Structure formats: C-alpha cells, structure tokens
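Listing of start.txt, compact mmCIF, C-alpha atoms and all ligand atoms
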```
# COMPACT_ATOMS: atom_id res chain seq x y z
CA MET A 1 39.28 -37.55 -1.94
CA PRO A 2 41.64 -37.59 1.06
CA GLY A 3 41.83 -34.32 2.95
CA ASP A 4 40.03 -32.55 5.70
CA ALA A 5 36.78 -32.11 3.87
CA VAL A 6 33.73 -31.05 5.87
CA LEU A 7 30.91 -33.35 4.92
CA THR A 8 27.52 -31.89 4.11
CA LEU A 9 24.37 -33.98 4.39
CA GLU A 10 24.12 -33.97 0.59
CA ALA A 11 27.71 -35.19 0.26
CA ALA A 12 27.04 -37.92 2.84
CA ARG A 13 23.98 -39.03 0.85
CA ALA A 14 26.01 -39.09 -2.36
CA LEU A 15 28.74 -41.14 -0.66
CA LEU A 16 26.17 -43.62 0.63
CA GLN A 17 24.55 -43.88 -2.80
CA THR A 18 27.89 -44.47 -4.51
CA HIS A 19 28.88 -47.29 -2.16
CA ALA A 20 25.50 -48.91 -1.51
CA LYS A 21 24.16 -48.59 -5.06
CA ASP A 22 20.71 -50.14 -4.67
CA ALA A 23 21.55 -52.58 -1.86
CA PRO A 24 18.80 -52.99 0.77
CA TRP A 25 21.03 -51.64 3.56
CA LEU A 26 20.86 -48.19 1.95
CA ARG A 27 17.25 -47.91 3.09
CA HIS A 28 18.22 -49.12 6.56
CA CYS A 29 20.78 -46.28 6.72
CA GLU A 30 18.14 -43.77 5.62
CA ALA A 31 15.70 -45.05 8.26
CA VAL A 32 18.34 -44.90 11.02
CA ALA A 33 19.29 -41.36 9.91
CA ARG A 34 15.67 -40.27 10.15
CA VAL A 35 15.29 -41.70 13.66
CA ALA A 36 18.68 -40.33 14.77
CA ALA A 37 17.72 -36.84 13.53
CA ALA A 38 14.44 -37.04 15.47
CA LEU A 39 16.24 -38.19 18.64
CA ALA A 40 18.77 -35.36 18.20
CA ALA A 41 15.95 -32.84 17.80
CA ALA A 42 14.29 -34.14 20.99
CA VAL A 43 17.53 -33.96 22.99
CA GLY A 44 18.42 -30.66 21.30
CA ALA A 45 15.33 -29.02 22.75
CA ARG A 46 16.98 -29.29 26.19
CA ARG A 47 20.73 -29.16 25.53
CA PRO A 48 23.07 -28.32 22.63
CA VAL A 49 23.38 -31.19 20.15
CA ASP A 50 24.97 -31.16 16.69
CA GLY A 51 21.96 -32.61 14.92
CA GLY A 52 23.58 -32.27 11.49
CA PHE A 53 26.46 -34.48 12.54
CA VAL A 54 24.10 -37.02 14.13
CA GLU A 55 22.14 -37.31 10.88
CA ARG A 56 25.26 -37.60 8.69
CA ALA A 57 26.91 -40.12 10.98
CA ALA A 58 23.71 -42.20 11.15
CA LEU A 59 23.43 -42.11 7.36
CA LEU A 60 26.98 -43.43 7.06
CA HIS A 61 27.11 -45.76 10.10
CA ASP A 62 26.80 -48.90 7.96
CA LEU A 63 28.82 -47.65 4.97
CA GLY A 64 31.29 -50.52 5.52
CA ARG A 65 28.57 -52.96 4.45
CA CYS A 66 29.81 -52.30 0.92
CA ARG A 67 32.84 -54.40 1.99
CA SER A 68 31.55 -56.75 4.69
CA HIS A 69 28.33 -57.83 6.36
CA ASP A 70 30.15 -59.27 9.33
CA PRO A 71 28.56 -57.84 12.51
CA VAL A 72 31.92 -56.34 13.54
CA LEU A 73 33.94 -55.91 10.36
CA HIS A 74 31.33 -53.74 8.62
CA GLY A 75 31.99 -51.07 11.27
CA VAL A 76 35.75 -51.47 10.95
CA GLU A 77 35.50 -51.19 7.16
CA GLY A 78 33.33 -48.07 7.45
CA TYR A 79 35.92 -46.59 9.78
CA ARG A 80 38.74 -47.35 7.31
CA LEU A 81 36.81 -46.08 4.32
CA LEU A 82 35.75 -42.77 5.88
CA SER A 83 39.16 -42.23 7.50
CA GLY A 84 40.73 -42.69 4.07
CA LEU A 85 38.33 -40.14 2.61
CA GLY A 86 39.32 -37.59 5.26
CA HIS A 87 36.17 -37.76 7.41
CA PRO A 88 37.50 -38.76 10.85
CA ARG A 89 34.38 -37.77 12.84
CA GLU A 90 32.03 -39.86 10.74
CA ALA A 91 34.67 -42.65 10.62
CA ARG A 92 34.72 -42.78 14.43
CA ALA A 93 30.94 -43.02 14.50
CA CYS A 94 31.11 -46.19 12.35
CA LEU A 95 33.37 -47.83 14.91
CA ALA A 96 31.53 -46.40 17.92
CA HIS A 97 28.17 -47.79 16.77
CA LEU A 98 29.54 -51.32 17.23
CA LEU A 99 29.69 -50.65 20.98
CA PHE A 100 31.02 -53.75 22.77
CA ALA A 101 30.91 -55.92 19.64
CA PHE A 102 34.23 -54.29 18.71
CA ASP A 103 37.27 -55.59 20.57
CA PRO A 104 40.16 -53.12 20.19
CA ALA A 105 42.65 -55.86 21.07
CA ALA A 106 41.59 -57.80 17.96
CA HIS A 107 42.39 -54.79 15.73
CA PRO A 108 45.59 -53.30 17.15
CA ASP A 109 46.36 -51.55 13.84
CA LEU A 110 43.42 -49.17 14.43
CA GLY A 111 45.12 -47.83 17.56
CA PHE A 112 42.16 -47.98 19.98
CA ARG A 113 42.55 -49.34 23.49
CA GLY A 114 40.07 -50.38 26.13
CA ASP A 115 36.85 -48.40 25.76
CA GLU A 116 38.35 -45.62 23.62
CA HIS A 117 36.18 -46.52 20.63
CA LEU A 118 32.90 -46.24 22.58
CA PRO A 119 30.68 -43.19 21.96
CA ARG A 120 32.20 -40.25 23.79
CA SER A 121 29.61 -37.59 22.98
CA PRO A 122 25.80 -37.49 22.94
CA GLU A 123 26.06 -37.21 19.15
CA GLU A 124 28.02 -40.47 18.82
CA ALA A 125 25.75 -42.17 21.36
CA LEU A 126 22.54 -41.35 19.46
CA VAL A 127 23.69 -43.32 16.38
CA PRO A 128 23.69 -46.80 17.99
CA LEU A 129 20.51 -45.90 19.90
CA ALA A 130 18.78 -45.05 16.61
CA ASP A 131 20.22 -48.22 15.04
CA PHE A 132 18.73 -50.34 17.83
CA LEU A 133 15.34 -48.68 17.28
CA VAL A 134 15.19 -49.74 13.62
CA GLU A 135 14.85 -53.28 12.32
CA GLY A 136 15.62 -53.22 8.61
CA GLU A 137 13.80 -50.02 7.71
CA ARG A 138 10.97 -50.24 10.26
CA PRO A 139 10.76 -48.78 13.76
CA THR A 140 11.02 -51.32 16.55
CA THR A 141 11.49 -51.50 20.32
CA LEU A 142 14.73 -52.11 22.18
CA ASP A 143 13.26 -55.34 23.61
CA ALA A 144 12.38 -56.65 20.14
CA ARG A 145 15.63 -55.55 18.51
CA PHE A 146 17.90 -57.12 21.13
CA ALA A 147 15.84 -60.32 21.03
CA SER A 148 16.14 -60.37 17.25
CA LEU A 149 19.92 -59.84 17.36
CA ARG A 150 20.30 -62.57 20.01
CA SER A 151 18.44 -65.04 17.86
CA ARG A 152 20.27 -64.03 14.66
CA TYR A 153 23.68 -64.58 16.26
CA ALA A 154 22.68 -67.38 18.67
CA GLU A 155 25.55 -69.56 17.44
CA ASP A 156 28.15 -66.90 18.23
CA GLY A 157 28.47 -67.04 22.01
CA GLU A 158 31.09 -64.30 22.23
CA PHE A 159 28.99 -61.92 20.12
CA VAL A 160 25.91 -62.59 22.27
CA ARG A 161 27.94 -62.00 25.45
CA ARG A 162 29.18 -58.68 24.08
CA LEU A 163 25.65 -57.82 22.94
CA GLY A 164 24.58 -58.09 26.59
CA ARG A 165 27.09 -55.36 27.48
CA SER A 166 25.88 -53.22 24.55
CA GLU A 167 22.29 -53.65 25.71
CA ALA A 168 23.17 -52.59 29.26
CA TRP A 169 25.04 -49.56 27.87
CA THR A 170 22.05 -48.61 25.67
CA ARG A 171 19.52 -48.97 28.51
CA GLU A 172 21.73 -46.79 30.70
CA LEU A 173 21.92 -44.18 27.90
CA VAL A 174 18.13 -44.14 27.64
CA ARG A 175 17.86 -43.72 31.41
CA SER A 176 20.34 -40.83 31.34
CA LEU A 177 18.51 -39.14 28.45
CA ALA A 178 15.04 -39.67 29.93
CA PRO A 179 14.83 -36.13 31.36
CA ALA A 180 15.57 -34.75 27.87
CA PHE A 181 12.91 -36.84 26.12
CA ALA A 182 9.28 -35.73 26.28
CA GLU A 183 8.40 -39.12 24.80
CA SER A 184 10.09 -42.50 24.86
CA PRO A 185 12.77 -43.15 22.22
CA GLU A 186 10.50 -45.88 20.84
CA THR A 187 7.69 -43.37 20.31
CA ILE A 188 10.10 -40.93 18.69
CA ALA A 189 11.28 -43.70 16.32
CA ARG A 190 7.69 -44.64 15.43
CA GLN A 191 6.81 -41.02 14.71
CA ALA A 192 9.95 -40.54 12.62
CA LEU A 193 9.09 -43.56 10.46
CA PRO A 194 5.28 -43.65 10.19
CA ASP A 195 5.45 -45.44 6.82
CA GLY A 196 9.03 -46.70 6.74
CA VAL A 197 11.36 -44.70 4.52
CA GLY A 198 9.32 -45.10 1.34
FE FE A 201 25.91 -51.64 11.84
```
If you took the structure in this file and wrote it as structure tokens, what would it be?
Ligand SMILES: [Fe+2]
Amino acid sequence: MPGDAVLTLEAARALLQTHAKDAPWLRHCEAVARVAAALAAAVGARRPVDGGFVERAALLHDLGRCRSHDPVLHGVEGYRLLSGLGHPREARACLAHLLFAFDPAAHPDLGFRGDEHLPRSPEEALVPLADFLVEGERPTTLDARFASLRSRYAEDGEFVRRLGRSEAWTRELVRSLAPAFAESPETIARQALPDGVG
C-alpha cells in the first residue's frame, strides 16, 4: 500500500514471496541477503552499519525480476515497484545494485543524473558486493562471477563495457573495506552459505 511504511524483515520476505512465488530467483535473493547480512555484521564490528536495512535491501534487490529479467530493467522495475509501495530506501537499493549497467540518460523519467544512482552509503554498497559474491544461490568469487557475467552477456558490447566499470568500482570497494574485514569477502560469503540456502 502506498505510504511511508517502514519495512520489517518479515514484511520484506512476504513482499518477495508474493512477487516471486516459487520462481528460482527467490532463492538467489535469499542467498544474497544472507551474504549481505554477514558482510554487514563484519563491517559493523568496526563501524556503525544498518545491518537490518542491508538484509532487507538485499532480499528485495531483484524484486523487479517479477516484471523483467533484462540485466538493467529488472533493477528499474524493482525501483518502480518499491517506490510505488512507499519504500524509497529499498527502491533506491534496487537501482543502485545495477551500478554502471544503469544509464540515467536512458531513463530520464526516473530523475537520476550522472552517478546519482550509484550506492551512496556503505549499506547500499554492500548489496551489489553480496550479489557479485553469489552465483545463483551458491557462494562464488569476484573473479568467477565477473567472468561468468562477461560470458553470459558477451554479445552485448555496451553491457560488457559497463560491467568493466562496475568491476573496478567493486574492487575499489573491497580495497576500501579491507581494514574492516577480518576475512576476505569471499570467505565471508562461503561461511554465510555453507550449504546454499536450503
Ligand atoms: Fe540484479
């Protein structure tokens, strides 16, 4: 319902369930949420992080897949859907997780310019990092995930070019967070998903 509702984790789960039904991407969202929560806990040991928001946003980052599986439009659709439901923070996280795949100039109606849609807080930044550490519902490495995305979208030169910028951004994020992590993000992801999400 439109409004300024504060989303609880339970409400986010219910929203995901309603829109995903039993689609396979629901389990991807659950896996990313688990990794994102673990990353937030690791960072949170050293500096204040809203771990609840990170987990909710990660759970909902792919909500737009109920409308599109396009590598860009699913984030745009998630943004529209959650904005319409009165959840602007989680809506922004859907758009932000696209990183450089999203071109604000191609979607002027959304009102973003330049890099305004990029993650602007550690909380928003941890969602795409967690997403890149999960392939389907399994933990992976950044090397393997970027290689897999490059091969999946090999025909789409513009997407691959933008993916290069997203990879550089992600590697820089990991470098900047390194002092906060006792273990590598890959290790944190593996520990968060020892047996997948089953
Ligand atoms: Fe996504």
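With atom CA of A:His69 on one side and atom CA of A:Asp115 on the other, the separation reads 23.2 Å.
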### Message
as number ranges by chain, please: every protein or nucleic acid residue near ligand FE 201 (chain A) (cut-off 12 Å, counting only C-alpha atoms and all ligand atoms).
### Response
A: 25-26, 28-29, 32, 57-66, 68-79, 93-99, 101-102, 127-132, 134-136, 149
### Task
Determine, counting only C-alpha atoms, which protein, DNA and RNA residues have an atom within 12 Å of an atom of A:Gln191; residues of the same chain fewer than 3 positions away are not included. Present the result as a count of residues only.
22
### Task
Excluding A:Phe146 and any residue of its chain fewer than 3 positions from it, enumerate the residues within 9 Å of it, using only C-alpha atoms, and give them as a PyMOL selection string.
chain A and resi 132+141-143+149-151+163-164+167
Hey, can you spit out that residue selection with C-alpha atoms as a short mmCIF file (atom, residue, chain, number, x, y, z; two decimals), keeping the file's coordinate frame?
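Done, and the output landed in selection32.cif:
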```
data_model
loop_
_atom_site.label_atom_id
_atom_site.label_comp_id
_atom_site.auth_asym_id
_atom_site.auth_seq_id
_atom_site.Cartn_x
_atom_site.Cartn_y
_atom_site.Cartn_z
CA PHE A 132 18.73 -50.34 17.83
CA THR A 141 11.49 -51.50 20.32
CA LEU A 142 14.73 -52.11 22.18
CA ASP A 143 13.26 -55.34 23.61
CA LEU A 149 19.92 -59.84 17.36
CA ARG A 150 20.30 -62.57 20.01
CA SER A 151 18.44 -65.04 17.86
CA LEU A 163 25.65 -57.82 22.94
CA GLY A 164 24.58 -58.09 26.59
CA GLU A 167 22.29 -53.65 25.71
#
```
### Task
Just give me the gap between atom CA of A:Ala168 and atom CA of A:Ala125 in Å, one decimal is fine.
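Separation of atom CA of A:Ala168 and atom CA of A:Ala125: 13.3 Å.
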### Query
Which residue, A:His19, A:Arg165, A:Arg80, A:Arg27, has the smallest gap to A:Leu118 when you use only C-alpha atoms?
A:Arg165
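Atom to atom, atom CA of A:Val174 and atom CA of A:Ala33 stand 18.0 Å apart.
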### Query
Between A:Gly86, A:Gly52, A:Gly44, A:Pro24, which is the closest to A:Ala182 once you count all atoms listed in the file?
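Under the stated criterion, the closest residue is A:Gly44.
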Could you work out an axis-aligned bounding box for all listed atoms of stretch 103-112 of chain A, with 4 Å added on each of the six sides, and give its centre and edge lengths in Å to one decimal, as AutoDock Vina command-line options?
```
--center_x 41.8 --center_y -52.8 --center_z 17.5 --size_x 17.1 --size_y 18.0 --size_z 15.2
```
